[in-house]
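So the structure is just underneath, and the comments pick up after that.
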Amino acid sequence: MGKLNAKQLLSVSLTLFAIFFGAGNMIFPPAMGQLAGTNFIHALAGFLVTDAGIAILGMIGVVLVGNSMSDLGRLVSKKFAVVLSVGVYLLIGPLFALPRTGSVSFELALLPYVPQHNAWIFSLLFTAGFFLLTYYLSSNPNKVVDVVGKYMTPILLISIVMIFVGCIFTNPVNSEMIQYGTIGAPQQDYVSIPFFKGMIEGYNALDGPAGLAFAIIVINAIRSYGITDKKSIVKYTIFSGLGAAFFLAVVYFMLTYAGAITSTSFSNGGALLHALTSSLFGNVGGVILGIAVLLACLTTSIGLTTAFSDYFKELFPSVSYKKIAAAVCIFSFVISNVGLSQLITISLPVLMMIYPISVVLILLSFMKKYIGHRRMVYVGGMFMAFLASFVSALESAGVSFGITSLFHDYLPFYSLGLGWIIPAVIGAFIGFLPFWPMNKKNENI
């Protein structure tokens with residue numbers, strides 16, 4: 001049966017933290033903190049709910065029903081399991097998370113030191129080298145990721161602690177580059193709904209869907225200590241998830257606070273963080289931060305490329321692993337040159353549609369015992385959530401039509417970005433009705 005001691009549990013928690021802490025986790029909290037101002041604690045709480053919260057719930061949901069994300073998808077059907085897995089791997093792979101590792105690396109490690117009028121040329125060259133190196137190292141990633149993660153994650157965390165301590169103990173600075181020292185007034189939606197606005201920002205970090213894909217890593221890590229009992233695996237997954245969430249919360253607090261005391265406006269959190277670090281510690285501080293983030297992003301890109309290529313190699317056995325990895329890296333190189341700010345703008349509407357579906361499936365998986373073979377409960381809940389979130393996502397992208405005003409007037413929580421909750425509940429209850437063909441045992445779609 002086995003039992004994890006405190007040291008082993010801490011090791012699993014830190015491993016999980018290192019897996020989740022990537023490019024988005026570094027850049028979104030400072031930008032959010034700057035806009036939230038004096039309401040940054042409320043915004044941070046909302047961010048944690050949709051970032052670490054959904055990620056941990058997703059892992060627990062997977063462990064409760066099986067060993068992998070596909071097992072969660074099979075609550076609906078085998079076909080849906082494939083659709084779910086492909087969708088999540090595309091999100092955390094070439095569509096958003098993987099290109100972002102290149103964009104963040106460039107904007108923190110090189111952009112501040114090159115001529116701005118020719119920045120796009122340097123971006124092309126830098127990201128080309130970044131994804132070439134990713135492709136080369138992903139052919140034998142384990143040793144590289146272990147070495148880089150062992151040394152670079154501590155350097156990255158030390159950099160964040162240094163920024164936080166510097167923000168507390170240095171005098172306020174007013175310069176052409178950056179102004180900081182006093183927490184400003186909240187802006188935009190952070191004035192009236194900081195918690196719920198923080199929840200929307202938490203979508204951006206992409207940890208929610210990633211939790212579904214990374215569950216197997218935690219399960220294997222726990223099993224490596226000789227834990228084989230199902231209940232024990234679930235228990236230690238919960239404990240290690242809470243531990244990782246604690247570490248994430250501490251780091252997010254420091255980064256959000258750093259943004260909250262900064263009054264100079266920047267295009268994104270990466271630019272803000274670099275300017276603040278350079279102001280606190282001079283050019284050396286900016287260089288150290290840039291190198292640490294570069295290597296952390298490189299580690300993440302290797303892991304994402306490997307995970308994506310491994311899954312699609314199983315899905316398409318006739319295509320070689322190297323061809324898939326090459327295609328992923330080339331595609332990510334192209335997307336990464338859209339620019340970090342543009343990438344964030346494009347990705348948010350898509351994430352606003354995907355997240356509610358994931359959350360509904362995860363939450364319903366906890367009620368598997370009561371739902372039984374009624375698979376239409378999952379379909380109904382996810383479908384209705386998608387309809388509401390689809391309208392909300394289009395509105396966030398600047399597309400509005402007649403039904404939008406109706407949603408604002410009559411759909412509870414819509415103005416908070418949570419208009420999908422009531423439709424999801426209604427859809428799930430409708431799914432309990434006995435006449436649905438999908439509710440027959442052993443029925444597949």
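Starting from 1 in every chain, residues are counted up; chains themselves are A, B, ... following the order of the structure tokens, and ligands are numbered from 1 as listed.
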Which polymer residues have any atom within 8 Å of an atom of Ile92 in chain A, counting only C-alpha atoms, with same-chain residues fewer than 4 positions away left out, as a VMD selection string? chain A and resid 88 96 to 98 206 209 to 210 304
Please identify every residue of range 206-305 of chain A that has at least one atom no farther than 9 Å from an atom of range 166-171 of chain A, counting only C-alpha atoms, and for each give the shortest atom pair and the distance in Å to one decimal, arranged by chain then increasing number, as CSV.
residue,atom,partner,partner_atom,distance
A:Tyr257,CA,A:Cys167,CA,8.5
A:Ala258,CA,A:Cys167,CA,6.6
A:Ile261,CA,A:Cys167,CA,8.0
A:Leu276,CA,A:Cys167,CA,8.8
A:Thr277,CA,A:Gly166,CA,8.8
A:Leu280,CA,A:Gly166,CA,6.4
A:Phe281,CA,A:Gly166,CA,8.4
Just the residues within 12 Å of Ile227 in chain A, please, counting only C-alpha atoms, with nothing from its chain fewer than 6 positions along; format it as a PDB file with C-alpha atoms, in the first residue's frame.
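The new file part.pdb reads:
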ATOM      1  CA  MET A   1       0.000   0.000   0.000  1.00  0.00           C
ATOM      2  CA  GLY A   2       2.753   2.430   0.973  1.00  0.00           C
ATOM      3  CA  LYS A   3       2.784   5.920   2.424  1.00  0.00           C
ATOM      4  CA  LEU A   4       4.448   9.182   1.410  1.00  0.00           C
ATOM      5  CA  ASN A   5       6.505  10.977   4.024  1.00  0.00           C
ATOM      6  CA  GLN A   8       8.372  12.882  -0.657  1.00  0.00           C
ATOM      7  CA  LEU A   9       5.092  14.785  -0.638  1.00  0.00           C
ATOM      8  CA  VAL A 218       1.537  13.239 -10.893  1.00  0.00           C
ATOM      9  CA  ILE A 219       0.072   9.729 -10.815  1.00  0.00           C
ATOM     10  CA  ASN A 220       3.369   8.254 -12.058  1.00  0.00           C
ATOM     11  CA  ALA A 221       5.363  10.352  -9.580  1.00  0.00           C
ATOM     12  CA  ILE A 233      -3.203   7.875  -5.051  1.00  0.00           C
ATOM     13  CA  VAL A 234      -6.296  10.089  -4.924  1.00  0.00           C
ATOM     14  CA  LYS A 235      -5.376  11.318  -1.432  1.00  0.00           C
ATOM     15  CA  TYR A 236      -1.790  12.195  -2.319  1.00  0.00           C
ATOM     16  CA  THR A 237      -2.864  13.798  -5.589  1.00  0.00           C
TER      17      THR A 237
END
Interface rows for range 3-114 of chain A against range 121-131 of chain A: nearest pair, Å to one decimal, 12 Å, only C-alpha atoms, as a Markdown table:
| residue | atom | partner | partner_atom | distance |
| --- | --- | --- | --- | --- |
| A:Pro94 | CA | A:Phe131 | CA | 11.4 |
| A:Leu98 | CA | A:Phe131 | CA | 9.6 |
| A:Pro99 | CA | A:Thr127 | CA | 9.0 |
| A:Arg100 | CA | A:Thr127 | CA | 10.4 |
| A:Thr101 | CA | A:Phe130 | CA | 9.1 |
| A:Gly102 | CA | A:Thr127 | CA | 5.6 |
| A:Ser103 | CA | A:Thr127 | CA | 7.5 |
| A:Val104 | CA | A:Thr127 | CA | 10.1 |
| A:Ser105 | CA | A:Thr127 | CA | 8.5 |
| A:Phe106 | CA | A:Ser123 | CA | 6.6 |
| A:Glu107 | CA | A:Ser123 | CA | 8.6 |
| A:Leu108 | CA | A:Ser123 | CA | 11.6 |
| A:Ala109 | CA | A:Phe126 | CA | 9.9 |
| A:Leu110 | CA | A:Phe126 | CA | 8.2 |
| A:Leu111 | CA | A:Ser123 | CA | 7.9 |
| A:Pro112 | CA | A:Phe122 | CA | 11.2 |
| A:Tyr113 | CA | A:Phe122 | CA | 10.3 |
| A:Val114 | CA | A:Phe122 | CA | 7.6 |
Excluding Asp189 in chain A and its own-chain neighbours fewer than 5 positions away, which residues fall within 12 Å of it when counting only C-alpha atoms? Please give them as a PyMOL selection string. chain A and resi 32+35-37+39+43+194-201+415-417
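Between CA of Leu133 in chain A and CA of Asn25 in chain A there is a distance of 22.5 Å.
When only C-alpha atoms are used to measure the gap to Gly33 in chain A, the shortest distance among A:Leu294, A:Ile19, A:Ala428, A:Ala185 belongs to A:Ala185.
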In terms of the shortest atom-to-atom distance over only C-alpha atoms, which of A:Leu95, A:Leu75, A:Val62, A:Ile56 is closest to Phe333 in chain A? A:Leu95
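We find CA of Gly87 in chain A and CA of Val49 in chain A to be spaced 21.9 Å apart.
CA of Tyr203 in chain A is positioned 26.3 Å from CA of Ala327 in chain A.
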Selection near Val65 in chain A, 9 Å with only C-alpha atoms, sequence-local residues under 6 positions removed, as a ChimeraX atom specification: /A:71-72,75,365-366,368
